[in-house]
Amino acid sequence: MSEPAEPSTATAEQPTPAATGATPVEPAPRHRTLRTRLRHVRARVRGNPRANLVWRIAIGVVGGLVLVAGIIAIPYPGPGWLIVFAGLGILATEFTWAGRVLHFARRHYDRWMAWVGRQSVVVKALLGLLTCAIVLLTLWLLGAPYLVAELVGLGHWTWLQSPLG
């Protein structure tokens, strides 16, 4: 007579960790977050002095370009200050001075906006007119009004030419 075959462990149900009293183990994530991957890349770059220097120069150039673009965009309608803060944020990832400047700028920007919010409509209108004057002045210095005047046949209005050439 043959003995009964024991059930295969491959198909038998495994007891749950809670049933055995063991704590459940979380499965390892299949992918790491982007932030974690960037930290690992940055740690490897820091280990190589030459690569670290290139990295810091690249961050300085990119952050500086974004910062300058934001400063140029401040008087114009749009996200000028947001671009400035983004540029400082990029620089702050590598340079501690940029973090201090970012903190200082955000604090004073928030104070300025709170002050403007408390002002009367007349003061807000005057600030709007001042902003328009700054925009027109910078456009004139860049030669934009004369360019438009030439396009519409008013090139003889030389007073629209920029004094910068």
# chains A, B, ... in the order shown; residues from 1 in each chain; ligands from 1
$ residues_around --residues "segment 126-137 of chain A" --least-positions-apart "3" --cutoff "7 Å" --atoms "only C-alpha atoms" --output "list in words"
Pro75, Tyr76, Val122, Val123, Trp140 and Leu141 of chain A
$ residues_around --residues "Phe104 of chain A" --least-positions-apart "6" --cutoff "12 Å" --atoms "only C-alpha atoms" --output "list in words"
Phe85, Leu88, Trp97, Ala98, Asp110 and Arg111 of chain A
$ write_last_selection --atoms "C-alpha atoms" --output "compact mmCIF listing (two decimals), in the first residue's frame"
# COMPACT_ATOMS: atom_id res chain seq x y z
CA PHE A 85 12.84 83.31 -5.89
CA LEU A 88 17.73 82.04 -5.57
CA TRP A 97 24.84 82.86 0.87
CA ALA A 98 22.02 82.37 -1.64
CA ASP A 110 6.05 89.60 2.26
CA ARG A 111 6.36 92.75 4.39
$ residues_around --residues "Gly70 of chain A" --least-positions-apart "3" --cutoff "7 Å" --atoms "only C-alpha atoms" --output "ChimeraX atom specification"
/A:66-67,73-74,80-81,83-84
$ atom_distance --atom1 "atom CA of Glu94 of chain A" --atom2 "atom CA of Arg56 of chain A"
6.6 Å
$ atom_distance --atom1 "atom CA of Ala69 of chain A" --atom2 "atom CA of Leu160 of chain A"
25.2 Å
$ residues_around --residues "Trp55 of chain A" --least-positions-apart "3" --cutoff "10 Å" --atoms "only C-alpha atoms" --output "ChimeraX atom specification"
/A:42,45-46,49-52,58-61,94
$ select_by_dssp --residues "chain A" --states "alpha helix (DSSP H)" --output "ChimeraX atom specification"
/A:17-20,34-46,49-73,80-92,96-118,121-142,144-151
$ atom_distance --atom1 "atom CA of Arg118 of chain A" --atom2 "atom CA of His103 of chain A"
23.0 Å
$ decode --residues "segment 137-153 of chain A" --atoms "all heavy atoms" --output "mmCIF file, in the first residue's frame"
data_model
loop_
_atom_site.group_PDB
_atom_site.id
_atom_site.type_symbol
_atom_site.label_atom_id
_atom_site.label_comp_id
_atom_site.auth_asym_id
_atom_site.auth_seq_id
_atom_site.Cartn_x
_atom_site.Cartn_y
_atom_site.Cartn_z
ATOM 1 N N LEU A 137 9.867 103.275 -19.322
ATOM 2 C CA LEU A 137 11.254 103.726 -19.361
ATOM 3 C C LEU A 137 12.192 102.621 -19.842
ATOM 4 O O LEU A 137 13.051 102.853 -20.695
ATOM 5 C CB LEU A 137 11.694 104.223 -17.975
ATOM 6 C CG LEU A 137 13.153 104.666 -17.871
ATOM 7 C CD1 LEU A 137 13.376 105.951 -18.676
ATOM 8 C CD2 LEU A 137 13.553 104.856 -16.433
ATOM 9 N N THR A 138 12.016 101.421 -19.317
ATOM 10 C CA THR A 138 12.895 100.327 -19.742
ATOM 11 C C THR A 138 12.642 99.952 -21.200
ATOM 12 O O THR A 138 13.591 99.647 -21.932
ATOM 13 C CB THR A 138 12.752 99.089 -18.843
ATOM 14 O OG1 THR A 138 11.385 98.674 -18.826
ATOM 15 C CG2 THR A 138 13.230 99.358 -17.443
ATOM 16 N N LEU A 139 11.390 99.982 -21.638
ATOM 17 C CA LEU A 139 11.107 99.707 -23.050
ATOM 18 C C LEU A 139 11.749 100.770 -23.940
ATOM 19 O O LEU A 139 12.299 100.462 -25.000
ATOM 20 C CB LEU A 139 9.600 99.643 -23.292
ATOM 21 C CG LEU A 139 8.885 98.402 -22.760
ATOM 22 C CD1 LEU A 139 7.389 98.531 -22.930
ATOM 23 C CD2 LEU A 139 9.403 97.148 -23.443
ATOM 24 N N TRP A 140 11.688 102.039 -23.520
ATOM 25 C CA TRP A 140 12.297 103.125 -24.286
ATOM 26 C C TRP A 140 13.816 102.949 -24.341
ATOM 27 O O TRP A 140 14.430 103.123 -25.386
ATOM 28 C CB TRP A 140 11.916 104.466 -23.672
ATOM 29 C CG TRP A 140 12.554 105.637 -24.342
ATOM 30 C CD1 TRP A 140 12.394 106.050 -25.630
ATOM 31 C CD2 TRP A 140 13.480 106.545 -23.743
ATOM 32 N NE1 TRP A 140 13.157 107.162 -25.873
ATOM 33 C CE2 TRP A 140 13.835 107.494 -24.735
ATOM 34 C CE3 TRP A 140 14.033 106.662 -22.474
ATOM 35 C CZ2 TRP A 140 14.721 108.534 -24.482
ATOM 36 C CZ3 TRP A 140 14.907 107.693 -22.233
ATOM 37 C CH2 TRP A 140 15.242 108.623 -23.225
ATOM 38 N N LEU A 141 14.409 102.585 -23.199
ATOM 39 C CA LEU A 141 15.858 102.370 -23.185
ATOM 40 C C LEU A 141 16.275 101.206 -24.082
ATOM 41 O O LEU A 141 17.368 101.202 -24.640
ATOM 42 C CB LEU A 141 16.351 102.147 -21.758
ATOM 43 C CG LEU A 141 16.323 103.371 -20.849
ATOM 44 C CD1 LEU A 141 16.670 102.975 -19.423
ATOM 45 C CD2 LEU A 141 17.272 104.448 -21.358
ATOM 46 N N LEU A 142 15.405 100.235 -24.226
ATOM 47 C CA LEU A 142 15.698 99.094 -25.096
ATOM 48 C C LEU A 142 15.379 99.387 -26.562
ATOM 49 O O LEU A 142 15.704 98.587 -27.438
ATOM 50 C CB LEU A 142 14.913 97.865 -24.629
ATOM 51 C CG LEU A 142 15.335 97.298 -23.280
ATOM 52 C CD1 LEU A 142 14.373 96.204 -22.840
ATOM 53 C CD2 LEU A 142 16.755 96.775 -23.335
ATOM 54 N N GLY A 143 14.714 100.503 -26.853
ATOM 55 C CA GLY A 143 14.417 100.885 -28.227
ATOM 56 C C GLY A 143 13.146 100.305 -28.800
ATOM 57 O O GLY A 143 12.914 100.386 -30.009
ATOM 58 N N ALA A 144 12.287 99.734 -27.986
ATOM 59 C CA ALA A 144 11.068 99.106 -28.480
ATOM 60 C C ALA A 144 10.080 100.104 -29.101
ATOM 61 O O ALA A 144 9.509 99.812 -30.157
ATOM 62 C CB ALA A 144 10.393 98.310 -27.359
ATOM 63 N N PRO A 145 9.847 101.285 -28.514
ATOM 64 C CA PRO A 145 8.882 102.201 -29.144
ATOM 65 C C PRO A 145 9.310 102.642 -30.547
ATOM 66 O O PRO A 145 8.480 102.742 -31.453
ATOM 67 C CB PRO A 145 8.833 103.396 -28.186
ATOM 68 C CG PRO A 145 9.284 102.863 -26.883
ATOM 69 C CD PRO A 145 10.268 101.788 -27.216
ATOM 70 N N TYR A 146 10.585 102.901 -30.756
ATOM 71 C CA TYR A 146 11.052 103.325 -32.073
ATOM 72 C C TYR A 146 10.925 102.188 -33.083
ATOM 73 O O TYR A 146 10.590 102.414 -34.249
ATOM 74 C CB TYR A 146 12.493 103.824 -32.005
ATOM 75 C CG TYR A 146 12.972 104.401 -33.309
ATOM 76 C CD1 TYR A 146 12.464 105.615 -33.773
ATOM 77 C CD2 TYR A 146 13.904 103.743 -34.080
ATOM 78 C CE1 TYR A 146 12.880 106.151 -34.978
ATOM 79 C CE2 TYR A 146 14.337 104.271 -35.279
ATOM 80 C CZ TYR A 146 13.820 105.470 -35.725
ATOM 81 O OH TYR A 146 14.236 105.997 -36.923
ATOM 82 N N LEU A 147 11.171 100.960 -32.651
ATOM 83 C CA LEU A 147 11.020 99.811 -33.530
ATOM 84 C C LEU A 147 9.576 99.704 -34.013
ATOM 85 O O LEU A 147 9.309 99.512 -35.199
ATOM 86 C CB LEU A 147 11.449 98.527 -32.815
ATOM 87 C CG LEU A 147 11.279 97.228 -33.585
ATOM 88 C CD1 LEU A 147 12.227 97.181 -34.773
ATOM 89 C CD2 LEU A 147 11.509 96.041 -32.675
ATOM 90 N N VAL A 148 8.636 99.869 -33.090
ATOM 91 C CA VAL A 148 7.216 99.825 -33.453
ATOM 92 C C VAL A 148 6.874 101.005 -34.357
ATOM 93 O O VAL A 148 6.131 100.863 -35.334
ATOM 94 C CB VAL A 148 6.330 99.798 -32.187
ATOM 95 C CG1 VAL A 148 4.861 99.938 -32.543
ATOM 96 C CG2 VAL A 148 6.576 98.518 -31.398
ATOM 97 N N ALA A 149 7.419 102.193 -34.050
ATOM 98 C CA ALA A 149 7.147 103.375 -34.870
ATOM 99 C C ALA A 149 7.638 103.165 -36.298
ATOM 100 O O ALA A 149 6.951 103.555 -37.259
ATOM 101 C CB ALA A 149 7.813 104.602 -34.252
ATOM 102 N N GLU A 150 8.790 102.557 -36.477
ATOM 103 C CA GLU A 150 9.290 102.271 -37.820
ATOM 104 C C GLU A 150 8.389 101.293 -38.555
ATOM 105 O O GLU A 150 8.173 101.430 -39.761
ATOM 106 C CB GLU A 150 10.709 101.713 -37.758
ATOM 107 C CG GLU A 150 11.780 102.752 -37.538
ATOM 108 C CD GLU A 150 13.172 102.149 -37.599
ATOM 109 O OE1 GLU A 150 13.345 100.997 -37.154
ATOM 110 O OE2 GLU A 150 14.064 102.839 -38.102
ATOM 111 N N LEU A 151 7.859 100.326 -37.839
ATOM 112 C CA LEU A 151 6.986 99.330 -38.473
ATOM 113 C C LEU A 151 5.684 99.948 -38.979
ATOM 114 O O LEU A 151 5.121 99.469 -39.961
ATOM 115 C CB LEU A 151 6.680 98.191 -37.492
ATOM 116 C CG LEU A 151 7.842 97.260 -37.155
ATOM 117 C CD1 LEU A 151 7.428 96.266 -36.072
ATOM 118 C CD2 LEU A 151 8.323 96.524 -38.387
ATOM 119 N N VAL A 152 5.193 100.984 -38.311
ATOM 120 C CA VAL A 152 3.922 101.601 -38.723
ATOM 121 C C VAL A 152 4.142 102.874 -39.537
ATOM 122 O O VAL A 152 3.202 103.625 -39.767
ATOM 123 C CB VAL A 152 3.012 101.885 -37.504
ATOM 124 C CG1 VAL A 152 2.605 100.596 -36.832
ATOM 125 C CG2 VAL A 152 3.664 102.834 -36.530
ATOM 126 N N GLY A 153 5.374 103.139 -39.949
ATOM 127 C CA GLY A 153 5.646 104.268 -40.819
ATOM 128 C C GLY A 153 5.904 105.582 -40.113
ATOM 129 O O GLY A 153 5.749 106.647 -40.701
#
